[in-house]
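J.: Have a peek at start-v1.pdb (PDB, C-alpha atoms and all ligand atoms).
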```pdb
MODEL        1
ATOM      1  CA  MET A 150       7.136  -7.521   6.887  1.00  0.00           C
ATOM      2  CA  SER A 151      10.447  -6.208   8.153  1.00  0.00           C
ATOM      3  CA  HIS A 152      12.306  -2.967   7.655  1.00  0.00           C
ATOM      4  CA  ARG A 153      12.827  -1.959   4.040  1.00  0.00           C
ATOM      5  CA  ILE A 154      14.940   0.548   2.115  1.00  0.00           C
ATOM      6  CA  ARG A 155      13.523   2.983  -0.407  1.00  0.00           C
ATOM      7  CA  LEU A 156      15.866   2.353  -3.296  1.00  0.00           C
ATOM      8  CA  GLU A 157      15.196   5.722  -4.875  1.00  0.00           C
ATOM      9  CA  GLN A 158      16.348   7.482  -1.704  1.00  0.00           C
ATOM     10  CA  CYS A 159      19.330   5.315  -0.815  1.00  0.00           C
ATOM     11  CA  ILE A 160      22.672   6.990  -1.543  1.00  0.00           C
ATOM     12  CA  GLY A 161      24.633   3.781  -1.067  1.00  0.00           C
ATOM     13  CA  CYS A 162      26.682   4.936   1.913  1.00  0.00           C
ATOM     14  CA  GLY A 163      26.600   1.491   3.531  1.00  0.00           C
ATOM     15  CA  LEU A 164      26.138   2.758   7.094  1.00  0.00           C
ATOM     16  CA  CYS A 165      23.093   0.560   7.578  1.00  0.00           C
ATOM     17  CA  ALA A 166      24.980  -2.528   6.493  1.00  0.00           C
ATOM     18  CA  ASP A 167      27.793  -1.746   8.935  1.00  0.00           C
ATOM     19  CA  GLU A 168      25.296  -1.311  11.744  1.00  0.00           C
ATOM     20  CA  CYS A 169      23.104  -4.349  11.105  1.00  0.00           C
ATOM     21  CA  PRO A 170      23.767  -7.092  13.682  1.00  0.00           C
ATOM     22  CA  ARG A 171      22.258  -9.771  11.496  1.00  0.00           C
ATOM     23  CA  TRP A 172      24.000  -9.083   8.182  1.00  0.00           C
ATOM     24  CA  ALA A 173      20.584  -8.474   6.693  1.00  0.00           C
ATOM     25  CA  VAL A 174      21.607  -5.484   4.570  1.00  0.00           C
ATOM     26  CA  VAL A 175      23.273  -6.250   1.268  1.00  0.00           C
ATOM     27  CA  GLU A 176      24.593  -4.077  -1.535  1.00  0.00           C
ATOM     28  CA  ASN A 177      22.928  -4.451  -4.899  1.00  0.00           C
ATOM     29  CA  ASN A 178      23.986  -2.320  -7.870  1.00  0.00           C
ATOM     30  CA  GLY A 179      25.129   0.634  -5.789  1.00  0.00           C
ATOM     31  CA  VAL A 180      22.175   0.715  -3.440  1.00  0.00           C
ATOM     32  CA  TYR A 181      21.350  -1.387  -0.432  1.00  0.00           C
ATOM     33  CA  GLU A 182      18.507  -3.695   0.351  1.00  0.00           C
ATOM     34  CA  ILE A 183      17.308  -5.584   3.405  1.00  0.00           C
ATOM     35  CA  LEU A 184      16.926  -9.322   3.259  1.00  0.00           C
ATOM     36  CA  GLN A 185      13.489  -9.734   4.776  1.00  0.00           C
ATOM     37  CA  ARG A 186      14.094 -13.197   6.133  1.00  0.00           C
ATOM     38  CA  LYS A 187      17.172 -12.072   8.080  1.00  0.00           C
ATOM     39  CA  CYS A 188      15.949  -8.759   9.468  1.00  0.00           C
ATOM     40  CA  ASN A 189      14.680  -8.829  13.060  1.00  0.00           C
ATOM     41  CA  ASP A 190      13.412  -5.238  13.041  1.00  0.00           C
ATOM     42  CA  CYS A 191      15.927  -3.962  15.573  1.00  0.00           C
ATOM     43  CA  GLY A 192      15.782  -0.544  13.911  1.00  0.00           C
ATOM     44  CA  ARG A 193      19.489   0.257  13.905  1.00  0.00           C
ATOM     45  CA  CYS A 194      19.646   0.770  10.157  1.00  0.00           C
ATOM     46  CA  ALA A 195      16.889   3.378  10.338  1.00  0.00           C
ATOM     47  CA  GLU A 196      18.739   5.217  13.111  1.00  0.00           C
ATOM     48  CA  VAL A 197      21.973   5.574  11.185  1.00  0.00           C
ATOM     49  CA  CYS A 198      20.626   6.270   7.704  1.00  0.00           C
ATOM     50  CA  PRO A 199      21.518   9.914   6.868  1.00  0.00           C
ATOM     51  CA  VAL A 200      18.741  10.299   4.313  1.00  0.00           C
ATOM     52  CA  ASN A 201      15.930   8.436   6.086  1.00  0.00           C
ATOM     53  CA  ALA A 202      15.701   5.882   3.328  1.00  0.00           C
ATOM     54  CA  VAL A 203      14.715   3.081   5.681  1.00  0.00           C
ATOM     55  CA  ILE A 204      11.021   2.351   6.038  1.00  0.00           C
ATOM     56  CA  VAL A 205      10.503   1.336   9.641  1.00  0.00           C
ATOM     57  CA  ASN A 206       8.345  -1.647  10.414  1.00  0.00           C
ATOM     58  CA  LYS A 207       5.919  -0.423  13.046  1.00  0.00           C
ATOM     59  CA  ASN A 208       5.219  -3.937  14.257  1.00  0.00           C
ATOM     60  CA  ARG A 209       8.625  -4.472  15.716  1.00  0.00           C
ATOM     61  CA  THR A 210       9.325  -8.050  16.656  1.00  0.00           C
ATOM     62  CA  SER A 211      12.849  -7.713  17.981  1.00  0.00           C
ATOM     63  CA  GLU A 212      11.833  -9.349  21.254  1.00  0.00           C
ATOM     64  CA  THR A 213      10.929 -12.472  19.358  1.00  0.00           C
ATOM     65  CA  PRO A 214      13.895 -14.689  18.530  1.00  0.00           C
ATOM     66  CA  SER A 215      14.103 -15.129  14.788  1.00  0.00           C
ATOM     67  CA  LYS A 216      16.369 -17.170  12.599  1.00  0.00           C
TER      68      LYS A 216
HETATM   69  S1  LIG B   1      16.179  -3.465  11.346  1.00  0.00           S
HETATM   70 FE1  LIG B   1      18.033  -4.307  12.315  1.00  0.00          FE
HETATM   71  S2  LIG B   1      18.170  -6.416  11.548  1.00  0.00           S
HETATM   72 FE2  LIG B   1      16.785  -5.322  10.186  1.00  0.00          FE
HETATM   73  S3  LIG B   1      18.085  -4.606   8.522  1.00  0.00           S
HETATM   74 FE3  LIG B   1      17.923  -2.942  10.033  1.00  0.00          FE
HETATM   75  S4  LIG B   1      19.723  -3.193  11.348  1.00  0.00           S
HETATM   76 FE4  LIG B   1      19.422  -5.131  10.222  1.00  0.00          FE
HETATM   77  S1  LIG B   2      22.275   4.063   5.495  1.00  0.00           S
HETATM   78 FE1  LIG B   2      20.546   4.750   4.184  1.00  0.00          FE
HETATM   79  S2  LIG B   2      21.538   5.759   2.423  1.00  0.00           S
HETATM   80 FE2  LIG B   2      23.113   4.562   3.475  1.00  0.00          FE
HETATM   81  S3  LIG B   2      23.144   2.589   2.349  1.00  0.00           S
HETATM   82 FE3  LIG B   2      21.724   2.376   4.104  1.00  0.00          FE
HETATM   83  S4  LIG B   2      19.686   2.878   3.299  1.00  0.00           S
HETATM   84 FE4  LIG B   2      21.204   3.627   1.836  1.00  0.00          FE
ENDMDL
END
```
Here is the file; what I need is its structure written in the form of structure tokens.
Ligand code: SF4
Ligand code: SF4
T.:
Amino acid sequence: MSHRIRLEQCIGCGLCADECPRWAVVENNGVYEILQRKCNDCGRCAEVCPVNAVIVNKNRTSETPSK
């Protein structure tokens, strides 16, 4: 499980997508979602989201290289 976005809270600002180093955040019908297989749980999206729409994965695995 990686970071996720609460679609009902997302305002579609795109800040998380700009910040994501792995291009894991994609726009979908005006809101954004995180591609689970790309996200490495770095947490940057959660830090920049102005409405706290990102659900943080507590089991961060950013130290582990992931593809
Ligand atoms: S936790 Fe990091 S890798 Fe995952 S979607 Fe957010 S910014 Fe991208
Ligand atoms: S930063 Fe937050 S509100 Fe903005 S697109 Fe990402 S999840 Fe949605």
J.: Give as a PDB file with C-alpha atoms, in the coordinates of the input the residues surrounding ligand LIG 1 (chain B) up to a distance of 10 Å, considering only C-alpha atoms and all ligand atoms.
T.:
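That gives us part-v2.pdb:
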```pdb
ATOM      1  CA  SER A 151      10.447  -6.208   8.153  1.00  0.00           C
ATOM      2  CA  HIS A 152      12.306  -2.967   7.655  1.00  0.00           C
ATOM      3  CA  ARG A 153      12.827  -1.959   4.040  1.00  0.00           C
ATOM      4  CA  ILE A 154      14.940   0.548   2.115  1.00  0.00           C
ATOM      5  CA  LEU A 164      26.138   2.758   7.094  1.00  0.00           C
ATOM      6  CA  CYS A 165      23.093   0.560   7.578  1.00  0.00           C
ATOM      7  CA  ALA A 166      24.980  -2.528   6.493  1.00  0.00           C
ATOM      8  CA  ASP A 167      27.793  -1.746   8.935  1.00  0.00           C
ATOM      9  CA  GLU A 168      25.296  -1.311  11.744  1.00  0.00           C
ATOM     10  CA  CYS A 169      23.104  -4.349  11.105  1.00  0.00           C
ATOM     11  CA  PRO A 170      23.767  -7.092  13.682  1.00  0.00           C
ATOM     12  CA  ARG A 171      22.258  -9.771  11.496  1.00  0.00           C
ATOM     13  CA  TRP A 172      24.000  -9.083   8.182  1.00  0.00           C
ATOM     14  CA  ALA A 173      20.584  -8.474   6.693  1.00  0.00           C
ATOM     15  CA  VAL A 174      21.607  -5.484   4.570  1.00  0.00           C
ATOM     16  CA  VAL A 175      23.273  -6.250   1.268  1.00  0.00           C
ATOM     17  CA  GLU A 182      18.507  -3.695   0.351  1.00  0.00           C
ATOM     18  CA  ILE A 183      17.308  -5.584   3.405  1.00  0.00           C
ATOM     19  CA  LEU A 184      16.926  -9.322   3.259  1.00  0.00           C
ATOM     20  CA  GLN A 185      13.489  -9.734   4.776  1.00  0.00           C
ATOM     21  CA  ARG A 186      14.094 -13.197   6.133  1.00  0.00           C
ATOM     22  CA  LYS A 187      17.172 -12.072   8.080  1.00  0.00           C
ATOM     23  CA  CYS A 188      15.949  -8.759   9.468  1.00  0.00           C
ATOM     24  CA  ASN A 189      14.680  -8.829  13.060  1.00  0.00           C
ATOM     25  CA  ASP A 190      13.412  -5.238  13.041  1.00  0.00           C
ATOM     26  CA  CYS A 191      15.927  -3.962  15.573  1.00  0.00           C
ATOM     27  CA  GLY A 192      15.782  -0.544  13.911  1.00  0.00           C
ATOM     28  CA  ARG A 193      19.489   0.257  13.905  1.00  0.00           C
ATOM     29  CA  CYS A 194      19.646   0.770  10.157  1.00  0.00           C
ATOM     30  CA  ALA A 195      16.889   3.378  10.338  1.00  0.00           C
ATOM     31  CA  GLU A 196      18.739   5.217  13.111  1.00  0.00           C
ATOM     32  CA  VAL A 197      21.973   5.574  11.185  1.00  0.00           C
ATOM     33  CA  CYS A 198      20.626   6.270   7.704  1.00  0.00           C
ATOM     34  CA  VAL A 203      14.715   3.081   5.681  1.00  0.00           C
ATOM     35  CA  ILE A 204      11.021   2.351   6.038  1.00  0.00           C
ATOM     36  CA  VAL A 205      10.503   1.336   9.641  1.00  0.00           C
ATOM     37  CA  ASN A 206       8.345  -1.647  10.414  1.00  0.00           C
ATOM     38  CA  ARG A 209       8.625  -4.472  15.716  1.00  0.00           C
ATOM     39  CA  THR A 210       9.325  -8.050  16.656  1.00  0.00           C
ATOM     40  CA  SER A 211      12.849  -7.713  17.981  1.00  0.00           C
TER      41      SER A 211
END
```
J.: Calculated over all atoms listed in the file, which of the candidates A:Asn208, A:Met150, A:Glu157, A:Asn201 has the smallest distance to ligand LIG 2 (chain B)?
T.: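 Of all the options, A:Asn201 lies closest to ligand LIG 2 (chain B).
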J.: Let me have the centre and edge lengths of the axis-aligned box enclosing all listed atoms of ligand LIG 2 (chain B) with 5 Å padding on every side, in Å to one decimal, as AutoDock Vina command-line options.
T.:
```
--center_x 21.4 --center_y 4.1 --center_z 3.7 --size_x 13.5 --size_y 13.4 --size_z 13.7
```
J.: Go ahead and compute the interatomic distance for atom CA of A:Glu176 and atom CA of A:Arg155, in Å to one decimal.
T.: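 Computed distance, atom CA of A:Glu176 to atom CA of A:Arg155, equals 13.2 Å.
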J.: For A:Val200, work out the shell of residues within 9 Å, counting all atoms listed in the file and skipping chain neighbours fewer than 6 positions away, then give it as a ChimeraX atom specification.
T.: /A:158-160
J.: Kindly indicate which residue among A:Gly163, A:Leu156, A:Asn177, A:Lys207 lies nearest to ligand LIG 2 (chain B), using only C-alpha atoms and all ligand atoms for the distances.
T.: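 The answer is A:Gly163, which sits nearest to ligand LIG 2 (chain B).
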